[in-house]
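Structure record follows, encoded as structure tokens.
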Amino acid sequence: MSDSAIHIVARLIAKPDAIAELRAVLETLLAPTRQEAGCRRYFLLQNQQEPTDFTFVEEWADEAAIDSHMKSPHFQAAFARAENLLAAKPAIQRYGLIG
């Protein structure tokens, strides 16, 4: 089984005093991103043992959809607001489905 979709796992770590604020910023991405062309799946998770740890799990139809998402006004605004709330640079990995 193979699929040409691109799967992304994006991990963001909040500063300990900015957990609630970062969560609120990241939540603003959910509804508009799910409406974007080429977005198949877009979930935000929060680690139950380490609440500073947020992870997006995404599925996109192709590179063009990802590029469009990253240039969208809601993405640009959220990441501008999130920049000072992060303890480290986001870790973003791209995957292809094997099975």
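Residues are named by chain letter and number: chains run A, B, ... in the order of the structure tokens, numbers start at 1 in each chain, and ligands are numbered from 1 in the order shown.
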message = Give me, as an NGL selection string, the residues of stretch 3-81 of chain A that a backbone DSSP run labels strand (DSSP E).
response = :A and (6-13 or 39-46 or 53-60)
inquiry  = Please return, as a ChimeraX atom specification, all residues of stretch 7-94 of chain A that DSSP assigns to helix (DSSP H, G or I) on the basis of the backbone.
reply    = /A:16-27,30-34,63-71,73-85
ask   = A:Arg23: which residues within 10 Å, counting only C-alpha atoms, same-chain residues fewer than 3 positions away excluded, as a list in words?
value = Ala14, Ala18, Ile19, Ala20, Leu26, Glu27, Thr28, Leu44, Leu45, Gln46, Pro51, Thr52, Asp53, Phe54, Ala82 and Leu85 of chain A
Requested write-out: N, CA and C atoms of the selected residues, as a PDB file, in the first residue's frame:
```pdb
ATOM      1  N   ALA A  14       6.254  24.434  24.396  1.00  0.00           N
ATOM      2  CA  ALA A  14       5.966  25.734  25.008  1.00  0.00           C
ATOM      3  C   ALA A  14       6.929  26.026  26.147  1.00  0.00           C
ATOM      4  N   ALA A  18       4.004  29.539  29.410  1.00  0.00           N
ATOM      5  CA  ALA A  18       3.230  29.961  28.241  1.00  0.00           C
ATOM      6  C   ALA A  18       2.360  28.839  27.666  1.00  0.00           C
ATOM      7  N   ILE A  19       2.107  27.796  28.441  1.00  0.00           N
ATOM      8  CA  ILE A  19       1.355  26.635  27.939  1.00  0.00           C
ATOM      9  C   ILE A  19      -0.043  27.034  27.459  1.00  0.00           C
ATOM     10  N   ALA A  20      -0.801  27.687  28.299  1.00  0.00           N
ATOM     11  CA  ALA A  20      -2.179  28.052  27.939  1.00  0.00           C
ATOM     12  C   ALA A  20      -2.208  29.014  26.759  1.00  0.00           C
ATOM     13  N   LEU A  26      -2.320  27.972  18.930  1.00  0.00           N
ATOM     14  CA  LEU A  26      -2.340  26.815  18.030  1.00  0.00           C
ATOM     15  C   LEU A  26      -3.757  26.402  17.666  1.00  0.00           C
ATOM     16  N   GLU A  27      -4.676  26.535  18.602  1.00  0.00           N
ATOM     17  CA  GLU A  27      -6.070  26.190  18.320  1.00  0.00           C
ATOM     18  C   GLU A  27      -6.680  27.082  17.244  1.00  0.00           C
ATOM     19  N   THR A  28      -6.163  28.300  17.082  1.00  0.00           N
ATOM     20  CA  THR A  28      -6.697  29.181  16.035  1.00  0.00           C
ATOM     21  C   THR A  28      -6.412  28.640  14.641  1.00  0.00           C
ATOM     22  N   LEU A  44      -4.405  18.491  16.463  1.00  0.00           N
ATOM     23  CA  LEU A  44      -3.484  19.026  17.459  1.00  0.00           C
ATOM     24  C   LEU A  44      -3.584  18.164  18.710  1.00  0.00           C
ATOM     25  N   LEU A  45      -2.435  17.684  19.170  1.00  0.00           N
ATOM     26  CA  LEU A  45      -2.363  16.850  20.365  1.00  0.00           C
ATOM     27  C   LEU A  45      -1.553  17.566  21.442  1.00  0.00           C
ATOM     28  N   GLN A  46      -1.882  17.274  22.712  1.00  0.00           N
ATOM     29  CA  GLN A  46      -1.089  17.772  23.833  1.00  0.00           C
ATOM     30  C   GLN A  46      -0.686  16.568  24.674  1.00  0.00           C
ATOM     31  N   PRO A  51       2.780  18.665  29.624  1.00  0.00           N
ATOM     32  CA  PRO A  51       1.840  19.594  28.991  1.00  0.00           C
ATOM     33  C   PRO A  51       2.478  20.695  28.136  1.00  0.00           C
ATOM     34  N   THR A  52       3.781  20.867  28.198  1.00  0.00           N
ATOM     35  CA  THR A  52       4.431  21.853  27.330  1.00  0.00           C
ATOM     36  C   THR A  52       4.565  21.342  25.899  1.00  0.00           C
ATOM     37  N   ASP A  53       4.331  20.053  25.692  1.00  0.00           N
ATOM     38  CA  ASP A  53       4.570  19.368  24.413  1.00  0.00           C
ATOM     39  C   ASP A  53       3.286  19.296  23.583  1.00  0.00           C
ATOM     40  N   PHE A  54       3.281  20.012  22.453  1.00  0.00           N
ATOM     41  CA  PHE A  54       2.162  20.009  21.510  1.00  0.00           C
ATOM     42  C   PHE A  54       2.629  19.396  20.198  1.00  0.00           C
ATOM     43  N   ALA A  82       3.268  32.812  18.123  1.00  0.00           N
ATOM     44  CA  ALA A  82       3.829  31.683  18.875  1.00  0.00           C
ATOM     45  C   ALA A  82       5.330  31.794  19.097  1.00  0.00           C
ATOM     46  N   LEU A  85       6.620  32.233  22.499  1.00  0.00           N
ATOM     47  CA  LEU A  85       6.039  31.308  23.474  1.00  0.00           C
ATOM     48  C   LEU A  85       6.725  29.949  23.457  1.00  0.00           C
TER      49      LEU A  85
END
```
inquiry  = Env of A:Ala91: 12 Å cut, atoms = only C-alpha atoms, seq-sep filter 3 positions within chain, self excluded. Answer as a ChimeraX atom specification.
reply    = /A:8-13,53-56,86-88,94
File of the preceding selection, N, CA and C atoms, as a PDB file, in the first residue's frame:
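Below is the file that was written, result_13.pdb:
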```pdb
ATOM      1  N   ILE A   8       2.701  14.941   7.957  1.00  0.00           N
ATOM      2  CA  ILE A   8       3.598  15.795   8.736  1.00  0.00           C
ATOM      3  C   ILE A   8       3.321  15.594  10.215  1.00  0.00           C
ATOM      4  N   VAL A   9       4.410  15.503  10.976  1.00  0.00           N
ATOM      5  CA  VAL A   9       4.336  15.513  12.428  1.00  0.00           C
ATOM      6  C   VAL A   9       5.164  16.714  12.865  1.00  0.00           C
ATOM      7  N   ALA A  10       4.503  17.692  13.465  1.00  0.00           N
ATOM      8  CA  ALA A  10       5.160  18.931  13.869  1.00  0.00           C
ATOM      9  C   ALA A  10       5.046  19.074  15.383  1.00  0.00           C
ATOM     10  N   ARG A  11       6.193  19.049  16.041  1.00  0.00           N
ATOM     11  CA  ARG A  11       6.227  19.118  17.512  1.00  0.00           C
ATOM     12  C   ARG A  11       6.690  20.498  17.953  1.00  0.00           C
ATOM     13  N   LEU A  12       5.919  21.083  18.869  1.00  0.00           N
ATOM     14  CA  LEU A  12       6.233  22.407  19.409  1.00  0.00           C
ATOM     15  C   LEU A  12       6.260  22.311  20.929  1.00  0.00           C
ATOM     16  N   ILE A  13       7.274  22.898  21.526  1.00  0.00           N
ATOM     17  CA  ILE A  13       7.427  22.871  22.978  1.00  0.00           C
ATOM     18  C   ILE A  13       7.246  24.288  23.523  1.00  0.00           C
ATOM     19  N   ASP A  53       4.331  20.053  25.692  1.00  0.00           N
ATOM     20  CA  ASP A  53       4.570  19.368  24.413  1.00  0.00           C
ATOM     21  C   ASP A  53       3.286  19.296  23.583  1.00  0.00           C
ATOM     22  N   PHE A  54       3.281  20.012  22.453  1.00  0.00           N
ATOM     23  CA  PHE A  54       2.162  20.009  21.510  1.00  0.00           C
ATOM     24  C   PHE A  54       2.629  19.396  20.198  1.00  0.00           C
ATOM     25  N   THR A  55       1.751  18.613  19.561  1.00  0.00           N
ATOM     26  CA  THR A  55       2.107  17.977  18.300  1.00  0.00           C
ATOM     27  C   THR A  55       0.946  18.071  17.320  1.00  0.00           C
ATOM     28  N   PHE A  56       1.251  18.568  16.127  1.00  0.00           N
ATOM     29  CA  PHE A  56       0.291  18.520  15.024  1.00  0.00           C
ATOM     30  C   PHE A  56       0.538  17.245  14.239  1.00  0.00           C
ATOM     31  N   LEU A  86       7.590  29.732  22.479  1.00  0.00           N
ATOM     32  CA  LEU A  86       8.244  28.433  22.297  1.00  0.00           C
ATOM     33  C   LEU A  86       9.565  28.350  23.050  1.00  0.00           C
ATOM     34  N   ALA A  87       9.810  27.178  23.627  1.00  0.00           N
ATOM     35  CA  ALA A  87      11.066  26.927  24.336  1.00  0.00           C
ATOM     36  C   ALA A  87      12.182  26.533  23.367  1.00  0.00           C
ATOM     37  N   ALA A  88      11.813  26.081  22.167  1.00  0.00           N
ATOM     38  CA  ALA A  88      12.789  25.639  21.165  1.00  0.00           C
ATOM     39  C   ALA A  88      12.160  25.776  19.784  1.00  0.00           C
ATOM     40  N   ARG A  94       8.488  15.226   7.759  1.00  0.00           N
ATOM     41  CA  ARG A  94       7.567  14.818   6.695  1.00  0.00           C
ATOM     42  C   ARG A  94       7.719  13.315   6.453  1.00  0.00           C
TER      43      ARG A  94
END
```
ask   = What is the distance between atom CA of A:Ala31 and atom CA of A:Ala64, in Å to one decimal?
value = 19.6 Å
key: Pairwise distance for atom CA of A:Gly96 and atom CA of A:Phe79, rounded to one decimal in Å   =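 Atom CA of A:Phe79 lies at a distance of 25.0 Å from atom CA of A:Gly96.
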query = Of the residues A:Leu22, A:Ala65, A:Cys39, A:Met70, which is the one nearest to A:Glu83, using only C-alpha atoms?
reply = A:Leu22
request  = Considering only C-alpha atoms, state which residue in the set A:Ile66, A:Ala77, A:Ile92, A:Val25 is at the smallest distance from A:Ala5.
outcome  =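 Closest to A:Ala5, using only C-alpha atoms: A:Ile66.
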message = Nearest residue to A:Lys71 out of A:Tyr95, A:Arg41, A:Glu36, A:Glu50, using only C-alpha atoms?
response =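 Of A:Tyr95, A:Arg41, A:Glu36, A:Glu50, the one nearest A:Lys71, counting only C-alpha atoms, is A:Glu36.
Taking atom CA of A:Ser68 as the reference point, atom CA of A:Leu97 is found at 21.5 Å.
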